[in-house]
Every structure is written in C-alpha cells, then in structure tokens.
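Novice: Could you have a look at this structure, given as structure tokens, before my questions?
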Amino acid sequence: MPEGLQFENSCEVGIFSKLTNAYCLVAIGGSESFYSTFEAELADFIPVAKTSIASTQIIGRLCTGNKNGLLLPHTTTDQELQHVRNSLADQETEEMITDVHGVEVFRQTIAGNILVGSYCAFSNKGGLVHPHASIEGLDEPTTLLQVPLVASTVNRGSEVIAAGFTVNDWTAFCGSDTAATEMSVIESVFKLREAQPSAIIDDTRKSLIDSYV
C-alpha cells in the first residue's frame with residue numbers, strides 16, 4: 001500500500017524524491033522521518049541516498065532516472081555529480097535519454113500539457129496521468145507503453161501527479177493529503193498488492209550484471 005508522508009509540511013513528495021527500481025534519491029534537509037520512511041521500506045532492496053541537485057532540494061523535478069542511469073541538469077555541482085556517481089553526455093536530448101535509459105523516446109502531451117513529467121507517473125506495471133486526459137488521448141500512450149493508464153489525482157485533487165507521488169514496481173509514496181479513493185486507484189493501476197519486491201530486485205540485479213559482463 002502507498003505510504004503517506006510530508007517533506008517540511010509539503011505533501012508534494014515527488015518534488016523531493018526520485019524513486020526507481022534500482023535506487024532512490026531523497027532531498028537533504030527536512031525531517032529525519034521523511035528519509036527514514038523511504039529507508040525502512042527500501043533499504044533491504046535498493047540504496048537510498050540523501051542528496052541535493054543544483055544546490056536545491058527539488059531533486060524530483062530536476063532529474064530523471066531508471067535502472068540504466070540517471071539524467072541530471074547542467075547546473076548540478078561537481079560534488080553532487082560525484083555523490084550520485086553519474087555524469088551527462090553532450091548529445092541531443094532525445095538521443096541522451098535513449099542512450100542513458102535504454103528506451104525509445106516519444107514526443108507527447110498530456111491533457112494539452114507539454115511538461116509531461118509533471119503530469120504523470122509510470123512504472124512497468126501501470127501509469128497515473130492528469131485527470132483531464134481524455135480516453136482518446138490515452139490510447140496512443142497506452143499502446144506505446146503497453147501498460148494500463150488511469151486519469152486521476154493525488155493529494156485530494158492535485159493534477160500535478162509527479163509532484164505529489166513517486167512509484168516503482170512494488171511500492172509507492174504519496175503526500176499525506178492523498179484521499180482513500182486516490183490511494184485505491186494508485187494501488188489498483190500499479191498492481192501494488194501483487195508486487196513481490198524480492199523477485200523484481202533479482203531480475204533488476206541480473207539485468208545490471210548482464211549489462212556489465
């Protein structure tokens with residue numbers, strides 16, 4: 001079941017964290033309970049690291065990542081780059097995303113918004129998108145992603161999905177204002193009741209090992 005929490009009285013937990021199947025980044029600062037909630041849920045499976053990006057706490061809005069890598073803005077400091085053990089290549093944006101993440105890149109809008117990363121959240125199990133996304137508008141991304149998509153909200157009606165919510169293939173964290181009905185939608189579309197962390201982690205580790213062999 002998704003965990004409800006806050007960062008310095010803010011329910012926009014997706015702004016202050018970045019969760020993938022291979023690692024989790026949590027903003028420095030805030031209460032220790034914010035970090036410890038992630039650590040308690042994830043530390044047995046993946047590393048959980050405190051960091052800043054570009055000397056700010058809004059790390060969830062300034063980076064994107066998956067098990068294949070992490071993309072950071074050019075304003076990231078050398079110390080931060082060293083801390084997260086990553087770097088950026090000098091390429092066109094789409095090529096960079098393809099190379100780092102090992103995925104195809106598609107240009108899309110969500111409910112007319114070009115900031116697609118702010119208005120959706122995806123895992124390998126499903127996706128949550130802006131509540132005004134039409135059925136017709138979801139047809140193409142559903143076909144491309146091959147996972148079920150649901151239009152909904154978080155934090156009692158917030159349309160900025162990624163700001164108040166972060167998810168991987170077996171767990172999710174959302175702002176403490178998230179209503180029970182919103183929690184139920186999240187649990188359903190991401191199939192969290194069926195998730196088996198150990199099996200997912202084993203598969204992730206195998207793929208990482210294979211990529212280095």
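Lettering and numbering for the structure tokens are positional, with chains as A, B, ... in the shown order, residues counted from 1 in each chain, and ligands counted from 1 in the shown order.
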Run DSSP on the backbone and give me the residues of segment 6-181 of chain A it puts in alpha helix (DSSP H), as JSON, numbers by chain.
Specialist: {"A": [32, 33, 34, 35, 36, 37, 38, 39, 40, 41, 42, 59, 60, 61, 62, 78, 79, 80, 81, 82, 83, 84, 93, 94, 95, 96, 97, 98, 99, 100, 101, 135, 136, 137, 138, 139, 140, 141, 142, 143, 144, 145, 180, 181]}
Novice: Using the selection just defined, write its residues with N, CA and C atoms as a tab-separated table (two decimals), in the first residue's frame.
Specialist:
chain	number	residue	atom	x	y	z
A	32	GLU	N	13.93	13.94	9.72
A	32	GLU	CA	14.58	12.65	9.58
A	32	GLU	C	13.56	11.57	9.26
A	33	SER	N	12.32	11.77	9.67
A	33	SER	CA	11.28	10.75	9.43
A	33	SER	C	10.98	10.61	7.94
A	34	PHE	N	11.16	11.69	7.16
A	34	PHE	CA	10.93	11.61	5.72
A	34	PHE	C	11.91	10.63	5.10
A	35	TYR	N	13.20	10.81	5.39
A	35	TYR	CA	14.21	9.90	4.87
A	35	TYR	C	14.04	8.50	5.43
A	36	SER	N	13.77	8.39	6.72
A	36	SER	CA	13.69	7.07	7.35
A	36	SER	C	12.52	6.26	6.83
A	37	THR	N	11.46	6.93	6.37
A	37	THR	CA	10.32	6.21	5.79
A	37	THR	C	10.74	5.50	4.50
A	38	PHE	N	11.47	6.21	3.64
A	38	PHE	CA	12.00	5.59	2.44
A	38	PHE	C	12.99	4.47	2.78
A	39	GLU	N	13.86	4.78	3.72
A	39	GLU	CA	14.90	3.81	4.09
A	39	GLU	C	14.29	2.53	4.65
A	40	ALA	N	13.29	2.66	5.51
A	40	ALA	CA	12.67	1.49	6.12
A	40	ALA	C	12.01	0.60	5.08
A	41	GLU	N	11.43	1.22	4.05
A	41	GLU	CA	10.72	0.46	3.02
A	41	GLU	C	11.66	-0.11	1.97
A	42	LEU	N	12.77	0.58	1.70
A	42	LEU	CA	13.57	0.25	0.53
A	42	LEU	C	14.97	-0.28	0.80
A	59	ILE	N	14.83	17.76	-5.98
A	59	ILE	CA	15.53	16.78	-6.80
A	59	ILE	C	14.61	16.00	-7.72
A	60	GLY	N	13.39	15.77	-7.29
A	60	GLY	CA	12.46	15.01	-8.12
A	60	GLY	C	12.07	15.71	-9.40
A	61	ARG	N	12.15	17.05	-9.41
A	61	ARG	CA	11.82	17.84	-10.60
A	61	ARG	C	13.03	18.10	-11.47
A	62	LEU	N	14.22	17.85	-10.93
A	62	LEU	CA	15.44	18.20	-11.66
A	62	LEU	C	16.18	17.00	-12.23
A	78	ASP	N	29.84	19.65	-9.21
A	78	ASP	CA	30.78	18.53	-9.31
A	78	ASP	C	30.66	17.60	-8.10
A	79	GLN	N	30.46	18.18	-6.94
A	79	GLN	CA	30.33	17.38	-5.72
A	79	GLN	C	29.08	16.53	-5.78
A	80	GLU	N	28.00	17.10	-6.28
A	80	GLU	CA	26.75	16.35	-6.40
A	80	GLU	C	26.88	15.23	-7.43
A	81	LEU	N	27.53	15.54	-8.55
A	81	LEU	CA	27.76	14.52	-9.57
A	81	LEU	C	28.55	13.35	-9.00
A	82	GLN	N	29.57	13.67	-8.25
A	82	GLN	CA	30.38	12.61	-7.64
A	82	GLN	C	29.54	11.81	-6.65
A	83	HIS	N	28.71	12.52	-5.91
A	83	HIS	CA	27.89	11.86	-4.90
A	83	HIS	C	26.93	10.86	-5.52
A	84	VAL	N	26.29	11.18	-6.59
A	84	VAL	CA	25.35	10.26	-7.23
A	84	VAL	C	26.01	9.38	-8.28
A	93	THR	N	18.88	15.94	-26.75
A	93	THR	CA	18.09	15.47	-25.61
A	93	THR	C	17.51	14.09	-25.83
A	94	GLU	N	16.87	13.85	-26.95
A	94	GLU	CA	16.24	12.55	-27.18
A	94	GLU	C	17.28	11.44	-27.26
A	95	GLU	N	18.40	11.72	-27.92
A	95	GLU	CA	19.46	10.72	-28.01
A	95	GLU	C	20.04	10.43	-26.64
A	96	MET	N	20.17	11.48	-25.83
A	96	MET	CA	20.71	11.32	-24.49
A	96	MET	C	19.80	10.43	-23.64
A	97	ILE	N	18.51	10.70	-23.71
A	97	ILE	CA	17.56	9.90	-22.95
A	97	ILE	C	17.60	8.44	-23.40
A	98	THR	N	17.63	8.24	-24.71
A	98	THR	CA	17.69	6.88	-25.26
A	98	THR	C	18.94	6.15	-24.80
A	99	ASP	N	20.10	6.85	-24.88
A	99	ASP	CA	21.37	6.21	-24.51
A	99	ASP	C	21.42	5.88	-23.02
A	100	VAL	N	21.00	6.82	-22.17
A	100	VAL	CA	21.11	6.62	-20.72
A	100	VAL	C	20.10	5.61	-20.21
A	101	HIS	N	18.85	5.73	-20.67
A	101	HIS	CA	17.79	4.87	-20.15
A	101	HIS	C	17.61	3.58	-20.94
A	135	ILE	N	-10.01	9.78	-22.88
A	135	ILE	CA	-9.83	8.37	-23.25
A	135	ILE	C	-9.08	8.27	-24.57
A	136	GLU	N	-9.46	9.13	-25.52
A	136	GLU	CA	-8.79	9.13	-26.82
A	136	GLU	C	-7.32	9.52	-26.66
A	137	GLY	N	-7.07	10.48	-25.76
A	137	GLY	CA	-5.70	10.94	-25.55
A	137	GLY	C	-4.82	9.90	-24.89
A	138	LEU	N	-5.43	8.93	-24.22
A	138	LEU	CA	-4.67	7.88	-23.55
A	138	LEU	C	-4.41	6.68	-24.46
A	139	ASP	N	-5.13	6.60	-25.58
A	139	ASP	CA	-5.00	5.43	-26.46
A	139	ASP	C	-3.57	5.25	-26.96
A	140	GLU	N	-2.96	6.32	-27.47
A	140	GLU	CA	-1.61	6.20	-28.04
A	140	GLU	C	-0.56	5.86	-26.98
A	141	PRO	N	-0.51	6.61	-25.84
A	141	PRO	CA	0.49	6.24	-24.83
A	141	PRO	C	0.27	4.85	-24.24
A	142	THR	N	-0.98	4.43	-24.12
A	142	THR	CA	-1.25	3.07	-23.62
A	142	THR	C	-0.68	2.04	-24.58
A	143	THR	N	-0.86	2.28	-25.87
A	143	THR	CA	-0.33	1.37	-26.89
A	143	THR	C	1.20	1.37	-26.88
A	144	LEU	N	1.79	2.56	-26.78
A	144	LEU	CA	3.24	2.67	-26.79
A	144	LEU	C	3.88	2.03	-25.56
A	145	LEU	N	3.26	2.24	-24.41
A	145	LEU	CA	3.85	1.77	-23.15
A	145	LEU	C	3.46	0.34	-22.80
A	180	ALA	N	-8.39	8.44	0.43
A	180	ALA	CA	-8.51	6.98	0.36
A	180	ALA	C	-8.87	6.52	-1.04
A	181	THR	N	-9.74	7.25	-1.72
A	181	THR	CA	-10.13	6.87	-3.09
A	181	THR	C	-8.95	7.00	-4.04
Novice: Assign secondary structure with DSSP using the backbone only, and return the residues of segment 44-162 of chain A in strand (DSSP E or B) as a compact mmCIF listing (two decimals) with C-alpha atoms, in the first residue's frame.
Specialist:
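Here's the written file out_31.txt:
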# COMPACT_ATOMS: atom_id res chain seq x y z
CA VAL A 48 18.62 5.15 -0.58
CA ALA A 49 20.75 8.29 -0.79
CA LYS A 50 20.30 11.83 0.50
CA THR A 51 21.39 14.49 -1.97
CA ILE A 53 20.76 18.73 -7.13
CA THR A 56 18.41 22.68 -4.26
CA THR A 64 15.02 11.58 -14.35
CA GLY A 65 16.29 8.05 -13.99
CA ASN A 66 15.74 4.33 -14.26
CA GLY A 69 21.13 5.51 -15.46
CA LEU A 70 20.34 8.99 -14.18
CA LEU A 71 19.99 12.31 -16.03
CA ILE A 110 -0.80 15.05 -21.50
CA ASN A 113 0.45 19.98 -21.21
CA CYS A 120 2.14 11.58 -14.98
CA ALA A 121 3.89 8.78 -13.12
CA PHE A 122 4.77 5.39 -14.60
CA GLY A 127 0.58 4.69 -15.08
CA LEU A 128 -1.27 7.59 -13.48
CA VAL A 129 -1.92 10.71 -15.59
CA LEU A 149 -3.14 4.07 -17.69
CA VAL A 150 -5.65 5.80 -15.41
CA ALA A 151 -6.53 9.50 -15.21
CA VAL A 154 -3.25 12.91 -5.76
CA SER A 158 -3.93 17.85 -7.27
Novice: Quick one: residues within 8 Å of segment 3-12 of chain A, only C-alpha atoms, excluding same-chain residues fewer than 6 positions away - as a PyMOL selection string?
Specialist: chain A and resi 30-31+34+155+163-165+172-178
Novice: Which residue is closest to Pro47 of chain A? Choose from A:Ser198, A:Ser118, A:Ser123, A:Asn21 and count only C-alpha atoms.
Specialist: A:Asn21
Novice: Write out as a ChimeraX atom specification each polymer residue whose atoms come within 12 Å of Phe45 of chain A, counting only C-alpha atoms; drop sequence neighbours fewer than 4 positions from it.
Specialist: /A:20-24,38-41,170-171,196-205
Novice: Between atom CA of Ala54 of chain A and atom CA of Gly29 of chain A, what is the spacing in Å?
Specialist: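 Calculated distance between atom CA of Gly29 of chain A and atom CA of Ala54 of chain A is 14.5 Å.
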Novice: How many Å separate atom CA of Val189 of chain A from atom CA of Lys67 of chain A?
Specialist: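 Rounded to one decimal, the two atoms are 21.3 Å apart.
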Novice: Between A:Asp169, A:Ala162, A:Phe106, A:Arg156, which residue has the minimum interatomic distance to Met183 of chain A, considering only C-alpha atoms?
Specialist: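 For Met183 of chain A, the nearest of the candidates is A:Arg156.
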